[in-house]
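In what follows, a single structure is set out as C-alpha cells and then discussed.
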Amino acid sequence: MKLKQKTTELFSKCTHIRGRFLPAPGFSILFRRRTGLTSLVAALAAVGGLFLSGGCVTEPATGSYNSVQTFDQPRYGDAARKSFAYHGIKRNPVVLIHGFLGSNLASSLDGSPVWGVFRAGRPAAAEIRRLAWPMTTGVINASSCDLSVEPASIMAEPTAEIAGLRFTLPGYDRALAMLEAMGYAGANKPLSPQIDHPTLFTFSYDWRGDIPGNARRLGEFLRAKRAEISRRNRTTYGVNDYEVKFDLVAHSMGGLIARYYLMYGEKDLPEGDQPPVPDWSGADLVEKMIAVGTPNDGYLDTFVELNNGLSMSPGGPHYPAALLGTYPAIYQMLPGESGGEVVLQHNGKPLDIFDFELWRRYRWGLASPAMDSDLAVILPEIGSPQIRRDIALDHLRLALERARRFRRAMAVDSTPPDNVMLILFAGDAAATSHTVEVGPDGSLKVTDYEAGDGKILASSARFDRFVTGEPLSFPPVHWRAVIHLPAAHMGFFSEALFQDNASYWLLLVPTAEKRQKFTCPKMSAELR
C-alpha cells in the first residue's frame, strides 16, 4: 500500500493534462484490478517509466504512434501565444455582433428596460405594446422604427425572475470572454498596463427591425470606429495613413447583417424584381467575417413562432404570435430550400411560405382572426377590429414581399474580393426542426428533424445548394472554411474548439491580398 501511495503521489505531481494536475489515466484502475505480485510489478514498471522519461509523464499520447486518447482542451503553441500577446497596429479590431433577441432594448426617454429582464407568465399589455414594431399602412422599411425604443447593449447575461428568484440565462458573456482570452481588449473594460487601446467592440442593434436597415447601421458604426482608431493611431504610433480594417464575429442573425453589409454596403434592397448586384463595398472596412450558427437559408422555427408565439425558456414568459408578426426581421429568416420545409400533410407537396395569399388562405400569423385580441393591445388607438385586421394584413403582405427580395439578394452567387475572408461555424449535433406538415385546416406539426444546433440546420448555415443528379453542394456563399461543432445554438462560445479555430483564422491566417502584399516583395528580392 505504501508503494501505491508513493507512486500515486508522484503521478499526481508530475502528470499535467490540459493545465490541470491529474493522476495518470487508468492508474487507479490498475491498482483496483491487480493484486499481489502483479500489482507490484505493474507499479514498478510505471515508476520505471517515470524515471526513463525524466521524472514526469505528460500524457499517454506523448511520443505514441498508437494512442487513441482524446482531449477536451487545446494546447496553444508558441505561434498562438505570440498572436494573443501582440497588440500593435496590425491587429485588426474585432466586432462581436449578436443574433436575434440578443440585445437589451431600453426606452430612449428614460432608459428603462424594454427587453432583457424576463418574468414568468404572459407579459403585461404595456410591455407587449412597447415591444411591438410599428405597423403603418403601405410602409415597411428600415426607417419605420420606433424611436422611443433603442438598443442599449449586447445581452451579456440576461436575467429571469421566476417565483421571486433571479436567474441568469446564457448570453454573450462567454463570447466576450473567449475573445478577451485571444488577447482582444474590451472597449468597456479598464485596459491593462501593456495595452494602450481597446480592440474588442460590440455592435448592438434593434433585432426586431429590417436586416438591410441594420446593415446600414453597422456601416455607420464601423466608420465611426475607424475614425476613432485612426485618430489614436496618429497620436500613439505617429501613423497617418494606416488603413484600419475590422474583423467581425457574427452570431446567428448577426451573420446575415454582416454578410449583407459586405456584399452591398449601406445600400437598400433594389425595388421590385430588379436583380441585386453585389459590389462588396463593405470590404472597404471589413477583412474577415466569422459567421457562427447563422441561418443563411433561414430556419423553420420562425414560421412556427409566427403562428404559435415564442417561449424564451420553460417556465419563462410567452410572447404572442401577433407581437412577433410585427417584426420585419423574422420574416427575412423564414426557411428556404436548405433551411427546412413546409409541406402539405396529405401529399408532401412543399409550399412557398413567402406567398401572402397562402398565409391568408390558411389564416397563418397576422392573417388569423384569432389574433385580434393581441392586435387590440398592439394597436390601442384603433377601435375597429376590421381596421386592425386590414393594417395587420397589409403589414404581413409587405413583410413577406420584402423578405423574398432580401433572400434573393443573399442568394446571389458572388466571389468575395481577395481582401475578404468568410469563415463559418455550424452546429451539427442537435436534432433541429426540418419539416412542418400543414393539415387541411392550416394546423402545423413538426414531423422531422435533421442535424443542426437545435435552432439552425447545418444545411442552412452552409447554404447548401445541389445540382440535380450531383452529390456535391454548391453554396452561393464562397466559404474559405466551414467548421462543424457539436454545439447548441448558444453553445458555440462554450466550446473550446471554437476558440481554438477562431483564434487561428482571426489572428494567424492572412487574406489573399495580405499574402501577396507581404510575400511577393520578399520573393521578388530573392529572385533578383
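Starting from 1 in every chain, residues are counted up; chains themselves are A, B, ... following the order of the C-alpha cells, and ligands are numbered from 1 as listed.
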Original post:
Which residues in region 354-450 of chain A does DSSP call strand (DSSP E or B)? List them as an MDAnalysis selection string.
Top reply: chainID A and resid 421:427 430:438 444:450
Since we have the selection now, will you write its residues out, keeping N, CA and C atoms, as a short mmCIF file (atom, residue, chain, number, x, y, z; two decimals), in the first residue's frame?
data_model
loop_
_atom_site.label_atom_id
_atom_site.label_comp_id
_atom_site.auth_asym_id
_atom_site.auth_seq_id
_atom_site.Cartn_x
_atom_site.Cartn_y
_atom_site.Cartn_z
N MET A 421 -12.32 37.45 -46.26
CA MET A 421 -12.32 36.03 -45.95
C MET A 421 -13.58 35.70 -45.16
N LEU A 422 -14.31 34.67 -45.59
CA LEU A 422 -15.55 34.25 -44.94
C LEU A 422 -15.37 32.88 -44.30
N ILE A 423 -15.57 32.81 -43.01
CA ILE A 423 -15.42 31.56 -42.24
C ILE A 423 -16.76 31.25 -41.59
N LEU A 424 -17.15 29.97 -41.58
CA LEU A 424 -18.43 29.56 -40.99
C LEU A 424 -18.22 28.51 -39.91
N PHE A 425 -18.88 28.70 -38.77
CA PHE A 425 -19.01 27.66 -37.74
C PHE A 425 -20.47 27.22 -37.72
N ALA A 426 -20.70 25.92 -37.88
CA ALA A 426 -22.06 25.39 -37.92
C ALA A 426 -22.19 24.25 -36.92
N GLY A 427 -23.31 24.20 -36.22
CA GLY A 427 -23.59 23.09 -35.33
C GLY A 427 -24.24 21.94 -36.08
N ALA A 430 -27.27 18.50 -32.83
CA ALA A 430 -28.57 18.56 -32.16
C ALA A 430 -29.70 18.34 -33.16
N ALA A 431 -30.72 17.63 -32.72
CA ALA A 431 -31.92 17.46 -33.56
C ALA A 431 -32.57 18.83 -33.76
N THR A 432 -32.80 19.19 -35.03
CA THR A 432 -33.25 20.54 -35.38
C THR A 432 -34.42 20.43 -36.35
N SER A 433 -35.43 21.25 -36.14
CA SER A 433 -36.66 21.17 -36.95
C SER A 433 -36.34 21.25 -38.43
N HIS A 434 -36.87 20.29 -39.20
CA HIS A 434 -36.62 20.24 -40.64
C HIS A 434 -37.90 20.27 -41.47
N THR A 435 -38.97 19.66 -40.97
CA THR A 435 -40.21 19.57 -41.75
C THR A 435 -41.42 19.90 -40.89
N VAL A 436 -42.27 20.77 -41.41
CA VAL A 436 -43.58 21.04 -40.81
C VAL A 436 -44.65 20.58 -41.79
N GLU A 437 -45.59 19.79 -41.29
CA GLU A 437 -46.72 19.37 -42.11
C GLU A 437 -47.93 20.26 -41.82
N VAL A 438 -48.61 20.64 -42.88
CA VAL A 438 -49.78 21.51 -42.78
C VAL A 438 -51.03 20.67 -42.98
N LEU A 444 -50.35 23.19 -37.91
CA LEU A 444 -48.94 22.89 -38.17
C LEU A 444 -48.44 21.83 -37.19
N LYS A 445 -47.57 20.95 -37.71
CA LYS A 445 -46.96 19.94 -36.86
C LYS A 445 -45.55 19.66 -37.36
N VAL A 446 -44.57 19.81 -36.48
CA VAL A 446 -43.19 19.46 -36.83
C VAL A 446 -43.08 17.94 -36.85
N THR A 447 -42.66 17.38 -37.99
CA THR A 447 -42.65 15.92 -38.14
C THR A 447 -41.27 15.34 -38.40
N ASP A 448 -40.28 16.18 -38.65
CA ASP A 448 -38.96 15.64 -38.98
C ASP A 448 -37.87 16.58 -38.47
N TYR A 449 -36.77 15.98 -38.04
CA TYR A 449 -35.64 16.73 -37.52
C TYR A 449 -34.37 16.28 -38.23
N GLU A 450 -33.44 17.20 -38.38
CA GLU A 450 -32.15 16.88 -39.01
C GLU A 450 -31.02 17.50 -38.20
#
Subject >> Contacts of region 499-501 of chain A within 9 Å, only C-alpha atoms, excl. fewer than 6 positions in-chain, as a ChimeraX atom specification >> reply: /A:73-76,178-179,181-182,483,492-493
Next, write the just-selected residues to a file, as a PDB file, in the first residue's frame, keeping C-alpha atoms as the atom set.
ATOM      1  CA  GLN A  73      -8.987  21.406 -24.360  1.00  0.00           C
ATOM      2  CA  PRO A  74      -6.347  22.501 -26.903  1.00  0.00           C
ATOM      3  CA  ARG A  75      -2.761  23.360 -26.075  1.00  0.00           C
ATOM      4  CA  TYR A  76      -1.812  26.689 -27.592  1.00  0.00           C
ATOM      5  CA  MET A 178     -13.312  33.960 -25.370  1.00  0.00           C
ATOM      6  CA  LEU A 179     -12.289  36.952 -27.462  1.00  0.00           C
ATOM      7  CA  ALA A 181      -8.675  35.238 -23.950  1.00  0.00           C
ATOM      8  CA  MET A 182      -7.374  35.660 -27.525  1.00  0.00           C
ATOM      9  CA  ILE A 483     -16.019  24.141 -39.193  1.00  0.00           C
ATOM     10  CA  PHE A 492     -20.553  27.652 -29.627  1.00  0.00           C
ATOM     11  CA  PHE A 493     -18.896  30.068 -27.236  1.00  0.00           C
TER      12      PHE A 493
END
Original post:
Please, what distance in Å, to one decimal, runs between CA of Ser313 (chain A) and CA of Gly121 (chain A)?
Top reply: 11.1 Å
Original post:
Can you tell me, as a PyMOL selection string, what residues are no more than 8 Å from region 320-330 of chain A when counting only C-alpha atoms, ignoring any on the same chain fewer than 3 positions away?
Top reply: chain A and resi 128+131-135+140+207-211+302+305-310+333-334+365-366+371+374-375+378+395-396+399+403
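Residues lying within 7 Å of region 241-254 of chain A, counting only C-alpha atoms and ignoring same-chain neighbours fewer than 4 positions away, are Asn92, Pro93, Val94, Val95, Leu96, Ile97, His98, Gly99, Phe100, Arg226, Ala258, Leu285, Val286, Glu287, Lys288, Met289, Ile290, Ala291, Val292, Gly293, Thr294 and Pro295 of chain A.
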Using only C-alpha atoms, which residues of region 252-361 of chain A come within 8 Å of region 460-478 of chain A, and what is the closest atom pair for each, with the distance in Å to one decimal? Give it as a Markdown table, sorted by chain and residue number.
| residue | atom | partner | partner_atom | distance |
| --- | --- | --- | --- | --- |
| A:Gly293 | CA | A:Ala461 | CA | 6.2 |
| A:Thr294 | CA | A:Ala461 | CA | 5.3 |
| A:Pro295 | CA | A:Ala461 | CA | 5.1 |
| A:Asn296 | CA | A:Ala461 | CA | 5.2 |
| A:Asp297 | CA | A:Ser460 | CA | 4.7 |
| A:Gly298 | CA | A:Ser460 | CA | 6.4 |
| A:Tyr299 | CA | A:Ser460 | CA | 7.2 |
| A:Ser338 | CA | A:Ser460 | CA | 5.0 |
| A:Gly339 | CA | A:Ser460 | CA | 4.6 |
| A:Gly340 | CA | A:Ser460 | CA | 8.0 |
Using only all heavy atoms, please write the residues we just selected to a file, as a PDB file, in the first residue's frame.
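Saved file out_10.pdb follows:
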ATOM      1  N   GLY A 293     -23.320  29.892 -36.420  1.00  0.00           N
ATOM      2  CA  GLY A 293     -24.709  29.458 -36.320  1.00  0.00           C
ATOM      3  C   GLY A 293     -25.662  30.384 -37.064  1.00  0.00           C
ATOM      4  O   GLY A 293     -26.769  30.648 -36.590  1.00  0.00           O
ATOM      5  N   THR A 294     -25.263  30.856 -38.241  1.00  0.00           N
ATOM      6  CA  THR A 294     -26.066  31.821 -38.991  1.00  0.00           C
ATOM      7  C   THR A 294     -27.071  31.109 -39.901  1.00  0.00           C
ATOM      8  O   THR A 294     -26.688  30.214 -40.655  1.00  0.00           O
ATOM      9  CB  THR A 294     -25.145  32.724 -39.835  1.00  0.00           C
ATOM     10  OG1 THR A 294     -24.380  33.544 -38.947  1.00  0.00           O
ATOM     11  CG2 THR A 294     -25.934  33.611 -40.778  1.00  0.00           C
ATOM     12  N   PRO A 295     -28.336  31.522 -39.872  1.00  0.00           N
ATOM     13  CA  PRO A 295     -29.357  30.897 -40.736  1.00  0.00           C
ATOM     14  C   PRO A 295     -29.295  31.472 -42.153  1.00  0.00           C
ATOM     15  O   PRO A 295     -30.190  32.215 -42.573  1.00  0.00           O
ATOM     16  CB  PRO A 295     -30.665  31.261 -40.032  1.00  0.00           C
ATOM     17  CG  PRO A 295     -30.388  32.583 -39.385  1.00  0.00           C
ATOM     18  CD  PRO A 295     -28.933  32.528 -38.982  1.00  0.00           C
ATOM     19  N   ASN A 296     -28.261  31.125 -42.894  1.00  0.00           N
ATOM     20  CA  ASN A 296     -28.083  31.703 -44.225  1.00  0.00           C
ATOM     21  C   ASN A 296     -29.220  31.366 -45.168  1.00  0.00           C
ATOM     22  O   ASN A 296     -29.505  32.118 -46.102  1.00  0.00           O
ATOM     23  CB  ASN A 296     -26.734  31.244 -44.798  1.00  0.00           C
ATOM     24  CG  ASN A 296     -25.569  31.944 -44.125  1.00  0.00           C
ATOM     25  OD1 ASN A 296     -25.399  33.141 -44.250  1.00  0.00           O
ATOM     26  ND2 ASN A 296     -24.769  31.178 -43.388  1.00  0.00           N
ATOM     27  N   ASP A 297     -29.896  30.236 -44.926  1.00  0.00           N
ATOM     28  CA  ASP A 297     -31.096  29.917 -45.706  1.00  0.00           C
ATOM     29  C   ASP A 297     -32.309  29.825 -44.799  1.00  0.00           C
ATOM     30  O   ASP A 297     -33.236  29.046 -45.043  1.00  0.00           O
ATOM     31  CB  ASP A 297     -30.899  28.612 -46.482  1.00  0.00           C
ATOM     32  CG  ASP A 297     -31.777  28.553 -47.738  1.00  0.00           C
ATOM     33  OD1 ASP A 297     -32.344  29.593 -48.112  1.00  0.00           O
ATOM     34  OD2 ASP A 297     -31.889  27.472 -48.343  1.00  0.00           O
ATOM     35  N   GLY A 298     -32.318  30.619 -43.732  1.00  0.00           N
ATOM     36  CA  GLY A 298     -33.456  30.683 -42.837  1.00  0.00           C
ATOM     37  C   GLY A 298     -33.559  29.489 -41.901  1.00  0.00           C
ATOM     38  O   GLY A 298     -32.736  28.573 -41.935  1.00  0.00           O
ATOM     39  N   TYR A 299     -34.593  29.504 -41.059  1.00  0.00           N
ATOM     40  CA  TYR A 299     -34.826  28.362 -40.163  1.00  0.00           C
ATOM     41  C   TYR A 299     -36.306  28.224 -39.866  1.00  0.00           C
ATOM     42  O   TYR A 299     -37.063  29.193 -39.847  1.00  0.00           O
ATOM     43  CB  TYR A 299     -33.994  28.457 -38.886  1.00  0.00           C
ATOM     44  CG  TYR A 299     -34.266  29.624 -37.970  1.00  0.00           C
ATOM     45  CD1 TYR A 299     -34.930  29.445 -36.763  1.00  0.00           C
ATOM     46  CD2 TYR A 299     -33.817  30.899 -38.286  1.00  0.00           C
ATOM     47  CE1 TYR A 299     -35.160  30.499 -35.904  1.00  0.00           C
ATOM     48  CE2 TYR A 299     -34.029  31.968 -37.432  1.00  0.00           C
ATOM     49  CZ  TYR A 299     -34.702  31.766 -36.231  1.00  0.00           C
ATOM     50  OH  TYR A 299     -34.927  32.826 -35.377  1.00  0.00           O
ATOM     51  N   SER A 338     -32.827  24.862 -48.101  1.00  0.00           N
ATOM     52  CA  SER A 338     -31.959  24.106 -47.187  1.00  0.00           C
ATOM     53  C   SER A 338     -32.173  24.512 -45.737  1.00  0.00           C
ATOM     54  O   SER A 338     -31.451  24.050 -44.854  1.00  0.00           O
ATOM     55  CB  SER A 338     -30.481  24.303 -47.571  1.00  0.00           C
ATOM     56  OG  SER A 338     -30.104  25.665 -47.480  1.00  0.00           O
ATOM     57  N   GLY A 339     -33.186  25.346 -45.475  1.00  0.00           N
ATOM     58  CA  GLY A 339     -33.463  25.788 -44.116  1.00  0.00           C
ATOM     59  C   GLY A 339     -34.601  25.037 -43.452  1.00  0.00           C
ATOM     60  O   GLY A 339     -34.937  25.302 -42.303  1.00  0.00           O
ATOM     61  N   GLY A 340     -35.201  24.103 -44.165  1.00  0.00           N
ATOM     62  CA  GLY A 340     -36.368  23.379 -43.667  1.00  0.00           C
ATOM     63  C   GLY A 340     -37.494  23.502 -44.671  1.00  0.00           C
ATOM     64  O   GLY A 340     -37.429  24.315 -45.597  1.00  0.00           O
TER      65      GLY A 340
END
**OP:** Write down as a VMD selection string the residues of region 29-236 of chain A whose backbone DSSP state falls under alpha helix (DSSP H).
**Re:** chain A and resid 29 to 33 36 to 52 78 to 85 125 to 131 173 to 181 211 to 236
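For the atom pair formed by CA of Leu169 (chain A) and CA of Met490 (chain A), the distance is 10.4 Å, given to one decimal.
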**OP:** Can you pull out every residue within 9 Å of Ala160 (chain A), counting only C-alpha atoms, but drop anything in the same chain fewer than 3 positions away, and send it as a PyMOL selection string?
**Re:** chain A and resi 116-120+165-169+316
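Considering the residues A:Val342, A:Gly183, A:Ser311, A:Arg223 and counting only C-alpha atoms, Ala80 (chain A) has its shortest atom-to-atom contact with A:Gly183.
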